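Structure file protein.pdb; described as PDB, C-alpha atoms.
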ATOM      1  CA  MET A1143       1.705  17.837  23.388
ATOM      2  CA  ARG A1144       0.151  14.867  25.191
ATOM      3  CA  SER A1145      -2.894  15.364  27.374
ATOM      4  CA  THR A1146      -2.474  14.478  31.046
ATOM      5  CA  GLY A1147      -6.083  13.178  31.281
ATOM      6  CA  ARG A1148      -7.902  10.389  29.507
ATOM      7  CA  VAL A1149      -8.083  11.255  25.827
ATOM      8  CA  THR A1150     -11.332  10.414  24.034
ATOM      9  CA  ILE A1151     -12.175  10.061  20.374
ATOM     10  CA  GLY A1152     -14.131  13.317  20.764
ATOM     11  CA  ASP A1153     -10.963  15.112  21.894
ATOM     12  CA  VAL A1154      -9.200  13.892  18.762
ATOM     13  CA  ALA A1155     -12.076  15.061  16.540
ATOM     14  CA  ARG A1156     -12.199  18.529  18.113
ATOM     15  CA  THR A1157      -8.439  19.027  17.943
ATOM     16  CA  ALA A1158      -8.268  17.828  14.327
ATOM     17  CA  GLY A1159     -11.320  19.842  13.318
ATOM     18  CA  VAL A1160     -13.141  16.820  11.900
ATOM     19  CA  SER A1161     -16.097  14.675  12.895
ATOM     20  CA  VAL A1162     -15.968  11.692  15.257
ATOM     21  CA  ALA A1163     -17.010   9.522  12.309
ATOM     22  CA  THR A1164     -13.944  10.658  10.347
ATOM     23  CA  VAL A1165     -11.635   9.840  13.278
ATOM     24  CA  SER A1166     -13.282   6.425  13.547
ATOM     25  CA  LYS A1167     -12.647   5.761   9.847
ATOM     26  CA  VAL A1168      -8.980   6.685  10.246
ATOM     27  CA  ILE A1169      -8.557   4.463  13.314
ATOM     28  CA  ASN A1170     -10.162   1.497  11.597
ATOM     29  CA  GLY A1171      -8.542   2.046   8.183
ATOM     30  CA  ARG A1172     -11.842   2.561   6.367
ATOM     31  CA  TYR A1173     -12.278   4.309   3.050
ATOM     32  CA  GLY A1174     -13.827   7.752   2.571
ATOM     33  CA  VAL A1175     -11.100   9.944   4.117
ATOM     34  CA  ALA A1176      -8.726  12.014   1.996
ATOM     35  CA  PRO A1177      -5.050  11.034   2.447
ATOM     36  CA  GLU A1178      -4.099  14.495   3.715
ATOM     37  CA  THR A1179      -6.944  14.470   6.269
ATOM     38  CA  SER A1180      -6.010  10.950   7.340
ATOM     39  CA  ARG A1181      -2.389  11.996   7.934
ATOM     40  CA  HIS A1182      -3.533  15.036   9.909
ATOM     41  CA  VAL A1183      -5.866  12.978  12.121
ATOM     42  CA  GLN A1184      -3.157  10.376  12.711
ATOM     43  CA  GLN A1185      -0.760  13.126  13.764
ATOM     44  CA  VAL A1186      -3.300  14.447  16.261
ATOM     45  CA  ILE A1187      -3.815  10.905  17.581
ATOM     46  CA  ASP A1188      -0.065  10.575  18.119
ATOM     47  CA  ASP A1189       0.238  14.027  19.692
ATOM     48  CA  LEU A1190      -2.612  13.435  22.138
ATOM     49  CA  GLY A1191      -1.598   9.855  22.903
ATOM     50  CA  TYR A1192      -5.046   8.505  22.125
ATOM     51  CA  GLU A1193      -5.661   4.768  22.508
ATOM     52  CA  SER A1194      -9.016   3.144  21.862
ATOM     53  CA  SER A1195     -10.248   1.020  24.763
ATOM     54  CA  ILE A1196      -9.957  -2.757  24.694
ATOM     55  CA  VAL A1197     -13.731  -3.079  24.945
ATOM     56  CA  ALA A1198     -14.268  -0.711  22.008
ATOM     57  CA  ARG A1199     -11.720  -2.652  19.993
ATOM     58  CA  SER A1200     -13.533  -5.887  20.790
ATOM     59  CA  LEU A1201     -16.901  -4.469  19.760
ATOM     60  CA  ARG A1202     -15.510  -3.319  16.411
ATOM     61  CA  SER A1203     -13.653  -6.458  15.379
ATOM     62  CA  SER A1204     -14.636  -9.242  17.828
ATOM     63  CA  LYS A1205     -10.933  -9.388  18.747
ATOM     64  CA  THR A1206      -8.860  -7.525  21.307
ATOM     65  CA  ASN A1207      -5.408  -8.945  20.498
ATOM     66  CA  VAL A1208      -4.939  -9.295  24.247
ATOM     67  CA  ILE A1209      -3.914 -12.485  26.068
ATOM     68  CA  GLY A1210      -4.868 -12.752  29.735
ATOM     69  CA  ILE A1211      -2.594 -14.284  32.369
ATOM     70  CA  LEU A1212      -4.900 -15.284  35.214
ATOM     71  CA  VAL A1213      -3.457 -16.171  38.619
ATOM     72  CA  ALA A1214      -4.861 -16.777  42.088
ATOM     73  CA  GLU A1215      -2.068 -14.596  43.486
ATOM     74  CA  PHE A1216       1.267 -13.160  42.400
ATOM     75  CA  GLU A1217       3.995 -15.197  44.129
ATOM     76  CA  PRO A1218       7.518 -16.169  42.937
ATOM     77  CA  PHE A1219       6.392 -18.985  40.618
ATOM     78  CA  SER A1220       3.727 -16.969  38.795
ATOM     79  CA  THR A1221       5.985 -13.900  38.695
ATOM     80  CA  GLU A1222       8.803 -15.842  37.016
ATOM     81  CA  LEU A1223       6.299 -17.442  34.648
ATOM     82  CA  LEU A1224       5.052 -13.987  33.686
ATOM     83  CA  LYS A1225       8.606 -12.951  32.808
ATOM     84  CA  GLY A1226       8.844 -15.820  30.324
ATOM     85  CA  ILE A1227       5.470 -14.949  28.850
ATOM     86  CA  SER A1228       6.472 -11.290  28.510
ATOM     87  CA  GLU A1229       9.664 -12.206  26.680
ATOM     88  CA  ALA A1230       7.781 -14.449  24.249
ATOM     89  CA  VAL A1231       4.974 -12.024  23.369
ATOM     90  CA  ASP A1232       7.282  -9.672  21.467
ATOM     91  CA  GLY A1233       6.546  -9.817  17.763
ATOM     92  CA  THR A1234       3.296 -11.768  18.095
ATOM     93  CA  GLY A1235       1.009  -8.751  17.711
ATOM     94  CA  TYR A1236      -0.626  -9.491  21.058
ATOM     95  CA  GLU A1237      -0.669  -7.566  24.319
ATOM     96  CA  LEU A1238      -0.788  -9.028  27.830
ATOM     97  CA  LEU A1239      -3.222  -8.494  30.679
ATOM     98  CA  ALA A1240      -2.086  -9.982  34.015
ATOM     99  CA  TYR A1241      -5.033 -10.439  36.368
ATOM    100  CA  SER A1242      -5.557 -11.613  39.925
ATOM    101  CA  GLY A1243      -8.941 -11.475  41.593
ATOM    102  CA  GLY A1244      -7.494 -10.655  45.022
ATOM    103  CA  LEU A1245      -8.962 -13.831  46.481
ATOM    104  CA  ARG A1246      -9.262 -14.796  50.106
ATOM    105  CA  ARG A1247      -7.622 -18.041  51.252
ATOM    106  CA  ASP A1248     -11.058 -19.650  51.580
ATOM    107  CA  ASP A1249     -12.192 -18.501  48.121
ATOM    108  CA  ARG A1250      -9.651 -20.286  45.920
ATOM    109  CA  VAL A1251     -11.574 -23.184  44.368
ATOM    110  CA  GLY A1252     -13.075 -22.174  41.042
ATOM    111  CA  TRP A1253     -11.350 -18.771  40.925
ATOM    112  CA  GLU A1254     -10.378 -19.268  37.275
ATOM    113  CA  GLN A1255     -13.958 -19.754  36.114
ATOM    114  CA  ARG A1256     -14.993 -16.504  37.771
ATOM    115  CA  SER A1257     -12.054 -14.679  36.209
ATOM    116  CA  LEU A1258     -12.806 -16.085  32.757
ATOM    117  CA  SER A1259     -16.423 -14.986  33.077
ATOM    118  CA  ARG A1260     -15.300 -11.425  33.830
ATOM    119  CA  LEU A1261     -12.696 -11.114  31.089
ATOM    120  CA  GLY A1262     -13.333 -13.691  28.360
ATOM    121  CA  GLY A1263     -14.486 -12.460  24.983
ATOM    122  CA  THR A1264     -14.666  -8.786  25.953
ATOM    123  CA  LEU A1265     -11.202  -7.971  27.253
ATOM    124  CA  ILE A1266      -9.112 -10.966  26.168
ATOM    125  CA  ASP A1267      -8.960 -13.346  23.198
ATOM    126  CA  GLY A1268      -7.365 -16.209  25.132
ATOM    127  CA  ALA A1269      -6.154 -16.990  28.642
ATOM    128  CA  ILE A1270      -3.196 -18.614  30.360
ATOM    129  CA  LEU A1271      -4.349 -19.988  33.728
ATOM    130  CA  VAL A1272      -1.596 -20.468  36.319
ATOM    131  CA  THR A1273      -2.121 -23.511  38.601
ATOM    132  CA  PRO A1274      -5.896 -23.555  38.074
ATOM    133  CA  THR A1275      -8.021 -25.553  40.519
ATOM    134  CA  VAL A1276     -10.746 -26.499  38.039
ATOM    135  CA  VAL A1277     -10.902 -25.908  34.293
ATOM    136  CA  ALA A1278     -14.251 -26.871  32.839
ATOM    137  CA  ARG A1279     -14.779 -27.479  29.159
ATOM    138  CA  GLY A1280     -16.754 -25.040  27.080
ATOM    139  CA  SER A1281     -14.892 -21.810  27.823
ATOM    140  CA  SER A1282     -15.879 -18.962  25.500
ATOM    141  CA  ILE A1283     -12.202 -18.399  24.625
ATOM    142  CA  PRO A1284      -9.140 -20.660  24.163
ATOM    143  CA  VAL A1285      -7.405 -21.547  27.431
ATOM    144  CA  VAL A1286      -3.998 -22.983  28.349
ATOM    145  CA  ALA A1287      -3.391 -24.260  31.895
ATOM    146  CA  VAL A1288       0.079 -24.086  33.457
ATOM    147  CA  ASP A1289       0.720 -26.653  36.214
ATOM    148  CA  PRO A1290      -2.989 -27.446  36.677
ATOM    149  CA  HIS A1291      -4.068 -29.009  39.979
ATOM    150  CA  ARG A1292      -5.134 -32.263  38.323
ATOM    151  CA  GLY A1293      -2.337 -32.565  35.756
ATOM    152  CA  PRO A1294      -2.649 -32.751  31.949
ATOM    153  CA  SER A1295      -6.198 -33.296  30.762
ATOM    154  CA  ASP A1296      -8.436 -30.877  28.926
ATOM    155  CA  PRO A1297      -7.693 -28.020  28.078
ATOM    156  CA  PRO A1298      -4.098 -27.840  26.731
ATOM    157  CA  THR A1299      -1.427 -27.717  29.433
ATOM    158  CA  VAL A1300       2.198 -26.837  30.132
ATOM    159  CA  ASP A1301       4.089 -28.312  33.073
ATOM    160  CA  SER A1302       7.482 -29.730  34.059
ATOM    161  CA  ASP A1303       8.521 -33.310  34.810
ATOM    162  CA  ASN A1304       7.769 -33.214  38.534
ATOM    163  CA  LEU A1305       8.145 -36.965  39.000
ATOM    164  CA  ALA A1306      11.652 -37.022  37.527
ATOM    165  CA  GLY A1307      12.514 -33.880  39.487
ATOM    166  CA  GLY A1308      11.448 -35.484  42.753
ATOM    167  CA  ARG A1309      13.574 -38.525  41.975
ATOM    168  CA  THR A1310      16.542 -36.321  41.039
ATOM    169  CA  ALA A1311      16.412 -34.356  44.293
ATOM    170  CA  THR A1312      16.201 -37.491  46.422
ATOM    171  CA  GLN A1313      18.864 -39.320  44.420
ATOM    172  CA  HIS A1314      21.248 -36.399  44.904
ATOM    173  CA  LEU A1315      20.909 -36.780  48.671
ATOM    174  CA  LEU A1316      21.288 -40.563  48.449
ATOM    175  CA  ASP A1317      24.443 -40.151  46.371
ATOM    176  CA  LEU A1318      25.844 -37.980  49.168
ATOM    177  CA  GLY A1319      25.318 -40.853  51.625
ATOM    178  CA  HIS A1320      22.103 -39.680  53.281
ATOM    179  CA  ARG A1321      19.735 -42.419  54.305
ATOM    180  CA  ARG A1322      17.418 -40.645  56.701
ATOM    181  CA  ILE A1323      15.852 -38.093  54.373
ATOM    182  CA  GLY A1324      12.907 -35.954  55.429
ATOM    183  CA  PHE A1325      10.327 -34.712  52.954
ATOM    184  CA  LEU A1326       8.438 -31.430  53.298
ATOM    185  CA  ALA A1327       5.533 -31.990  50.925
ATOM    186  CA  GLY A1328       3.618 -29.427  48.862
ATOM    187  CA  ARG A1329      -0.087 -28.766  48.620
ATOM    188  CA  PRO A1330      -2.125 -31.997  48.740
ATOM    189  CA  ASP A1331      -4.524 -30.699  46.058
ATOM    190  CA  LEU A1332      -1.795 -30.226  43.441
ATOM    191  CA  GLU A1333      -0.775 -32.974  41.032
ATOM    192  CA  SER A1334       2.726 -31.487  40.829
ATOM    193  CA  ALA A1335       3.130 -31.893  44.598
ATOM    194  CA  ARG A1336       1.885 -35.486  44.459
ATOM    195  CA  LEU A1337       4.360 -36.326  41.707
ATOM    196  CA  ARG A1338       7.292 -34.808  43.597
ATOM    197  CA  GLU A1339       6.439 -36.962  46.601
ATOM    198  CA  GLN A1340       6.093 -39.990  44.341
ATOM    199  CA  GLY A1341       9.578 -39.284  42.987
ATOM    200  CA  TYR A1342      10.904 -39.120  46.552
ATOM    201  CA  ARG A1343       9.311 -42.458  47.413
ATOM    202  CA  GLU A1344      10.486 -44.168  44.228
ATOM    203  CA  ALA A1345      14.098 -43.047  44.696
ATOM    204  CA  LEU A1346      14.091 -44.380  48.269
ATOM    205  CA  ALA A1347      12.612 -47.675  47.108
ATOM    206  CA  ASP A1348      15.222 -48.036  44.368
ATOM    207  CA  ALA A1349      17.918 -47.539  47.023
ATOM    208  CA  GLY A1350      16.350 -50.236  49.213
ATOM    209  CA  ILE A1351      15.219 -47.749  51.876
ATOM    210  CA  ALA A1352      11.776 -48.256  53.374
ATOM    211  CA  PHE A1353       9.433 -45.282  53.276
ATOM    212  CA  ASP A1354       9.033 -43.787  56.767
ATOM    213  CA  PRO A1355       5.875 -41.658  57.203
ATOM    214  CA  ASP A1356       7.413 -40.097  60.334
ATOM    215  CA  LEU A1357       9.841 -38.291  58.037
ATOM    216  CA  VAL A1358       7.098 -36.635  55.965
ATOM    217  CA  ARG A1359       5.264 -33.406  56.755
ATOM    218  CA  VAL A1360       3.056 -31.161  54.617
ATOM    219  CA  GLY A1361       4.571 -27.735  54.004
ATOM    220  CA  GLY A1362       1.927 -26.410  51.625
ATOM    221  CA  TYR A1363       4.373 -24.563  49.334
ATOM    222  CA  ARG A1364       4.231 -21.467  51.598
ATOM    223  CA  PRO A1365       6.824 -20.300  54.158
ATOM    224  CA  ASP A1366       4.191 -19.638  56.834
ATOM    225  CA  LEU A1367       2.715 -23.104  56.368
ATOM    226  CA  ALA A1368       6.167 -24.760  56.246
ATOM    227  CA  ASP A1369       7.340 -23.283  59.551
ATOM    228  CA  SER A1370       5.724 -25.723  61.989
ATOM    229  CA  PRO A1371       6.344 -28.872  59.879
ATOM    230  CA  ALA A1372      10.015 -27.907  59.470
ATOM    231  CA  HIS A1373      10.329 -27.485  63.244
ATOM    232  CA  GLU A1374       8.761 -30.917  63.721
ATOM    233  CA  LEU A1375      11.144 -32.645  61.328
ATOM    234  CA  LEU A1376      14.235 -30.962  62.728
ATOM    235  CA  SER A1377      13.171 -31.635  66.325
ATOM    236  CA  LEU A1378      12.670 -35.383  65.947
ATOM    237  CA  PRO A1379      14.636 -37.493  68.461
ATOM    238  CA  GLU A1380      16.364 -39.056  65.458
ATOM    239  CA  ARG A1381      16.188 -36.127  63.081
ATOM    240  CA  PRO A1382      16.846 -36.490  59.356
ATOM    241  CA  THR A1383      20.291 -35.706  58.046
ATOM    242  CA  ALA A1384      18.745 -34.127  54.957
ATOM    243  CA  ILE A1385      15.415 -32.580  53.958
ATOM    244  CA  PHE A1386      13.911 -32.383  50.492
ATOM    245  CA  ALA A1387      11.396 -29.519  50.466
ATOM    246  CA  ALA A1388       8.893 -29.625  47.615
ATOM    247  CA  ASN A1389       9.500 -26.010  46.644
ATOM    248  CA  ASP A1390      12.171 -23.378  47.208
ATOM    249  CA  LEU A1391      10.124 -21.168  49.520
ATOM    250  CA  SER A1392       9.590 -24.113  51.877
ATOM    251  CA  ALA A1393      13.274 -25.036  51.619
ATOM    252  CA  ILE A1394      14.343 -21.492  52.474
ATOM    253  CA  ARG A1395      12.059 -21.493  55.497
ATOM    254  CA  THR A1396      13.543 -24.862  56.522
ATOM    255  CA  MET A1397      17.005 -23.291  56.446
ATOM    256  CA  GLU A1398      15.766 -20.464  58.663
ATOM    257  CA  VAL A1399      14.206 -22.922  61.108
ATOM    258  CA  ALA A1400      17.445 -24.902  61.221
ATOM    259  CA  ALA A1401      19.325 -21.734  62.172
ATOM    260  CA  GLU A1402      16.753 -20.983  64.898
ATOM    261  CA  LEU A1403      17.374 -24.465  66.318
ATOM    262  CA  GLY A1404      21.144 -23.987  66.267
ATOM    263  CA  LEU A1405      21.695 -26.316  63.296
ATOM    264  CA  ARG A1406      24.118 -25.466  60.511
ATOM    265  CA  VAL A1407      23.260 -26.002  56.843
ATOM    266  CA  PRO A1408      24.773 -28.147  55.359
ATOM    267  CA  ASP A1409      27.079 -29.261  58.209
ATOM    268  CA  ASP A1410      24.273 -30.526  60.453
ATOM    269  CA  VAL A1411      21.486 -30.946  57.897
ATOM    270  CA  SER A1412      21.414 -30.798  54.116
ATOM    271  CA  VAL A1413      18.491 -29.031  52.401
ATOM    272  CA  ILE A1414      17.340 -29.206  48.782
ATOM    273  CA  GLY A1415      14.426 -27.369  47.183
ATOM    274  CA  PHE A1416      12.494 -27.385  43.934
ATOM    275  CA  ASP A1417      11.766 -24.607  41.363
ATOM    276  CA  ASN A1418      15.008 -22.582  41.204
ATOM    277  CA  VAL A1419      13.289 -19.246  41.793
ATOM    278  CA  PRO A1420      15.708 -16.253  42.010
ATOM    279  CA  GLU A1421      15.518 -16.237  45.817
ATOM    280  CA  SER A1422      17.157 -19.674  45.925
ATOM    281  CA  ALA A1423      20.507 -18.274  44.751
ATOM    282  CA  LEU A1424      20.451 -15.486  47.340
ATOM    283  CA  THR A1425      20.336 -17.549  50.542
ATOM    284  CA  THR A1426      23.380 -18.163  52.737
ATOM    285  CA  PRO A1427      24.597 -20.626  51.665
ATOM    286  CA  PRO A1428      22.908 -20.657  48.232
ATOM    287  CA  LEU A1429      20.191 -23.299  47.989
ATOM    288  CA  THR A1430      20.710 -26.538  46.099
ATOM    289  CA  THR A1431      17.534 -27.117  44.120
ATOM    290  CA  VAL A1432      15.832 -28.737  41.155
ATOM    291  CA  ASP A1433      15.304 -26.342  38.300
ATOM    292  CA  GLN A1434      11.998 -26.423  36.504
ATOM    293  CA  PRO A1435      12.380 -24.059  33.537
ATOM    294  CA  ILE A1436       9.742 -21.551  34.633
ATOM    295  CA  HIS A1437      10.638 -18.923  32.012
ATOM    296  CA  ARG A1438      10.456 -21.537  29.273
ATOM    297  CA  MET A1439       7.138 -22.797  30.648
ATOM    298  CA  GLY A1440       5.844 -19.256  30.216
ATOM    299  CA  THR A1441       7.241 -19.083  26.689
ATOM    300  CA  GLU A1442       5.639 -22.397  25.707
ATOM    301  CA  ALA A1443       2.316 -21.372  27.248
ATOM    302  CA  LEU A1444       2.305 -18.122  25.257
ATOM    303  CA  ARG A1445       3.137 -19.906  22.004
ATOM    304  CA  LEU A1446       0.444 -22.484  22.645
ATOM    305  CA  ILE A1447      -2.305 -19.968  23.410
ATOM    306  CA  VAL A1448      -1.424 -17.837  20.360
ATOM    307  CA  ASP A1449      -1.658 -20.932  18.149
ATOM    308  CA  LEU A1450      -5.033 -21.798  19.652
ATOM    309  CA  VAL A1451      -6.391 -18.270  19.230
ATOM    310  CA  GLU A1452      -5.267 -18.238  15.608
ATOM    311  CA  GLY A1453      -6.685 -21.686  14.875
ATOM    312  CA  ARG A1454      -3.419 -23.587  14.428
ATOM    313  CA  THR A1455      -3.410 -27.246  15.479
ATOM    314  CA  ARG A1456      -0.557 -28.586  17.607
ATOM    315  CA  GLU A1457       0.266 -31.008  20.414
ATOM    316  CA  PRO A1458      -1.939 -29.880  23.321
ATOM    317  CA  HIS A1459       0.272 -30.937  26.239
ATOM    318  CA  VAL A1460       3.841 -29.707  26.796
ATOM    319  CA  ARG A1461       6.053 -31.238  29.514
ATOM    320  CA  LEU A1462       9.521 -29.786  30.082
ATOM    321  CA  PRO A1463      12.512 -31.508  31.742
ATOM    322  CA  THR A1464      13.879 -30.654  35.190
ATOM    323  CA  THR A1465      17.574 -30.466  36.127
ATOM    324  CA  LEU A1466      19.616 -30.515  39.324
ATOM    325  CA  VAL A1467      21.308 -27.277  40.407
ATOM    326  CA  VAL A1468      23.968 -28.033  43.042
ATOM    327  CA  ARG A1469      24.889 -25.097  45.268
ATOM    328  CA  GLY A1470      25.878 -24.905  48.911
ATOM    329  CA  THR A1471      23.171 -26.484  51.069
ATOM    330  CA  THR A1472      23.945 -30.178  50.527
ATOM    331  CA  ARG A1473      27.033 -32.163  51.518
ATOM    332  CA  ALA A1474      28.208 -35.746  51.900
ATOM    333  CA  VAL A1475      27.859 -37.625  55.185
TER     334      VAL A1475
END
Would you put the structure from the file into structure tokens?
Amino acid sequence: MRSTGRVTIGDVARTAGVSVATVSKVINGRYGVAPETSRHVQQVIDDLGYESSIVARSLRSSKTNVIGILVAEFEPFSTELLKGISEAVDGTGYELLAYSGGLRRDDRVGWEQRSLSRLGGTLIDGAILVTPTVVARGSSIPVVAVDPHRGPSDPPTVDSDNLAGGRTATQHLLDLGHRRIGFLAGRPDLESARLREQGYREALADAGIAFDPDLVRVGGYRPDLADSPAHELLSLPERPTAIFAANDLSAIRTMEVAAELGLRVPDDVSVIGFDNVPESALTTPPLTTVDQPIHRMGTEALRLIVDLVEGRTREPHVRLPTTLVVRGTTRAV
């Protein structure tokens, strides 16, 4: 019968009628324990549900077999990424530790270095950092950065083709006949946001349409931050006929703002997002968006960090393609 409290190695020893040293030998597969005694101790371990702590495991073998997923906060992008990582970890022999430091809005820069200092080497063998602000060289453990603020550099990275995705979103609206296209930009400190805006600008230029700064606002990738900029764009004297929002959460908020202003999507204004998070398919109408394969990004990040932890050499930077997902929020004009 399993104990309802925290089971210690001493509890196992007392229940099995052996010494703590004998239990330790059984746990670590060391010699000096009779087969019958070893089987008995293992049965008690199973019955009590004993698990040695990660720290104790690290002290014994200098490895924890745990990969950390470090995020500034759990939001739709990091949550979907974690799903892909969780699917990929099966069969690797590693466990996952998802960690967020519960940071304040004004305490975001450098969060990953503080998290690595707390966890690296004692609790985790390697880390996947999700949209890190700064990743300095010389970490005590292998690190993979997903969608880093400054783009691919050092350490190894996984991201999607944000430039091509920005072009694809804008070209879709151009193909529908839109010429006055607003852009609700992402966070200015993120390379992915910069590339999506660059894609928007390049697609307009290729179509012979001059870039108009009056049609651009910064949405910051968050619904609360996108609210006022979306109102501004949709309240212009000559408002855009379509808006490309740099992520789905901003696009969804733009749809809500349009409804508040009495505008119908897509009849009065077309809206397209970026990411293809699950929420994008649940809006009314469902959101047209650019899919970046977030689950696959998680899978690739997990494979990359396992290879690094185990000393296998491979290409350090992985960039995945983006694709258009046409649903119900865009129409021809």
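Counting from CA of His1320 (chain A), the distance to CA of Gly1415 (chain A) is 15.7 Å.
For the choices A:Leu1391, A:Leu1190, A:Thr1299, A:Arg1256, the atom-to-atom distance to Ala1158 (chain A) is smallest for A:Leu1190 when using only C-alpha atoms.
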Apply the PyMOL selection byres ((chain A and resi 1242) around 12) to the file shown and report the selected residues as a list in words. Gly1210, Ile1211, Leu1212, Val1213, Ala1214, Glu1215, Phe1216, Glu1217, Ser1220, Thr1221, Leu1239, Ala1240, Tyr1241, Gly1243, Gly1244, Leu1245, Arg1246, Arg1250, Trp1253, Glu1254, Arg1256, Ser1257, Leu1258, Arg1260, Leu1261, Leu1271 and Val1272 of chain A
Go ahead and dump the residues you just picked, C-alpha atoms, as a PDB file, keeping the file's coordinate frame.
ATOM      1  CA  GLY A1210      -4.868 -12.752  29.735  1.00  0.00           C
ATOM      2  CA  ILE A1211      -2.594 -14.284  32.369  1.00  0.00           C
ATOM      3  CA  LEU A1212      -4.900 -15.284  35.214  1.00  0.00           C
ATOM      4  CA  VAL A1213      -3.457 -16.171  38.619  1.00  0.00           C
ATOM      5  CA  ALA A1214      -4.861 -16.777  42.088  1.00  0.00           C
ATOM      6  CA  GLU A1215      -2.068 -14.596  43.486  1.00  0.00           C
ATOM      7  CA  PHE A1216       1.267 -13.160  42.400  1.00  0.00           C
ATOM      8  CA  GLU A1217       3.995 -15.197  44.129  1.00  0.00           C
ATOM      9  CA  SER A1220       3.727 -16.969  38.795  1.00  0.00           C
ATOM     10  CA  THR A1221       5.985 -13.900  38.695  1.00  0.00           C
ATOM     11  CA  LEU A1239      -3.222  -8.494  30.679  1.00  0.00           C
ATOM     12  CA  ALA A1240      -2.086  -9.982  34.015  1.00  0.00           C
ATOM     13  CA  TYR A1241      -5.033 -10.439  36.368  1.00  0.00           C
ATOM     14  CA  GLY A1243      -8.941 -11.475  41.593  1.00  0.00           C
ATOM     15  CA  GLY A1244      -7.494 -10.655  45.022  1.00  0.00           C
ATOM     16  CA  LEU A1245      -8.962 -13.831  46.481  1.00  0.00           C
ATOM     17  CA  ARG A1246      -9.262 -14.796  50.106  1.00  0.00           C
ATOM     18  CA  ARG A1250      -9.651 -20.286  45.920  1.00  0.00           C
ATOM     19  CA  TRP A1253     -11.350 -18.771  40.925  1.00  0.00           C
ATOM     20  CA  GLU A1254     -10.378 -19.268  37.275  1.00  0.00           C
ATOM     21  CA  ARG A1256     -14.993 -16.504  37.771  1.00  0.00           C
ATOM     22  CA  SER A1257     -12.054 -14.679  36.209  1.00  0.00           C
ATOM     23  CA  LEU A1258     -12.806 -16.085  32.757  1.00  0.00           C
ATOM     24  CA  ARG A1260     -15.300 -11.425  33.830  1.00  0.00           C
ATOM     25  CA  LEU A1261     -12.696 -11.114  31.089  1.00  0.00           C
ATOM     26  CA  LEU A1271      -4.349 -19.988  33.728  1.00  0.00           C
ATOM     27  CA  VAL A1272      -1.596 -20.468  36.319  1.00  0.00           C
TER      28      VAL A1272
END
Residues picked by the PyMOL selection byres ((chain A and resi 1325) around 8) here, as a PyMOL selection string? chain A and resi 1323-1324+1326-1327+1339+1342+1357-1359+1385-1388
Would you mind exporting the chosen residues as a CSV table (one decimal), keeping the file's coordinate frame, restricted to C-alpha atoms?
chain,number,residue,atom,x,y,z
A,1323,ILE,CA,15.9,-38.1,54.4
A,1324,GLY,CA,12.9,-36.0,55.4
A,1326,LEU,CA,8.4,-31.4,53.3
A,1327,ALA,CA,5.5,-32.0,50.9
A,1339,GLU,CA,6.4,-37.0,46.6
A,1342,TYR,CA,10.9,-39.1,46.6
A,1357,LEU,CA,9.8,-38.3,58.0
A,1358,VAL,CA,7.1,-36.6,56.0
A,1359,ARG,CA,5.3,-33.4,56.8
A,1385,ILE,CA,15.4,-32.6,54.0
A,1386,PHE,CA,13.9,-32.4,50.5
A,1387,ALA,CA,11.4,-29.5,50.5
A,1388,ALA,CA,8.9,-29.6,47.6
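All residues that come within 6 Å of the coordinates (19.8, -20.4, 54.1), counting all atoms listed in the file, are given as Ile1394, Met1397, Thr1425, Thr1426 and Pro1427 of chain A.
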Quick one: write out the picked residues with C-alpha atoms as a CSV table (one decimal), in the frame of the given file?
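Contents of out.csv, as written:
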chain,number,residue,atom,x,y,z
A,1394,ILE,CA,14.3,-21.5,52.5
A,1397,MET,CA,17.0,-23.3,56.4
A,1425,THR,CA,20.3,-17.5,50.5
A,1426,THR,CA,23.4,-18.2,52.7
A,1427,PRO,CA,24.6,-20.6,51.7
Selection near region 1309-1319 of chain A, 7 Å with all atoms listed in the file, sequence-local residues under 5 positions removed, as a count of residues only: 11
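For region 1165-1181 of chain A, the residues within 7 Å (counting all atoms listed in the file, excluding itself and residues fewer than 4 positions away along the chain) are Ala1155, Ser1161 and Gln1185 of chain A.
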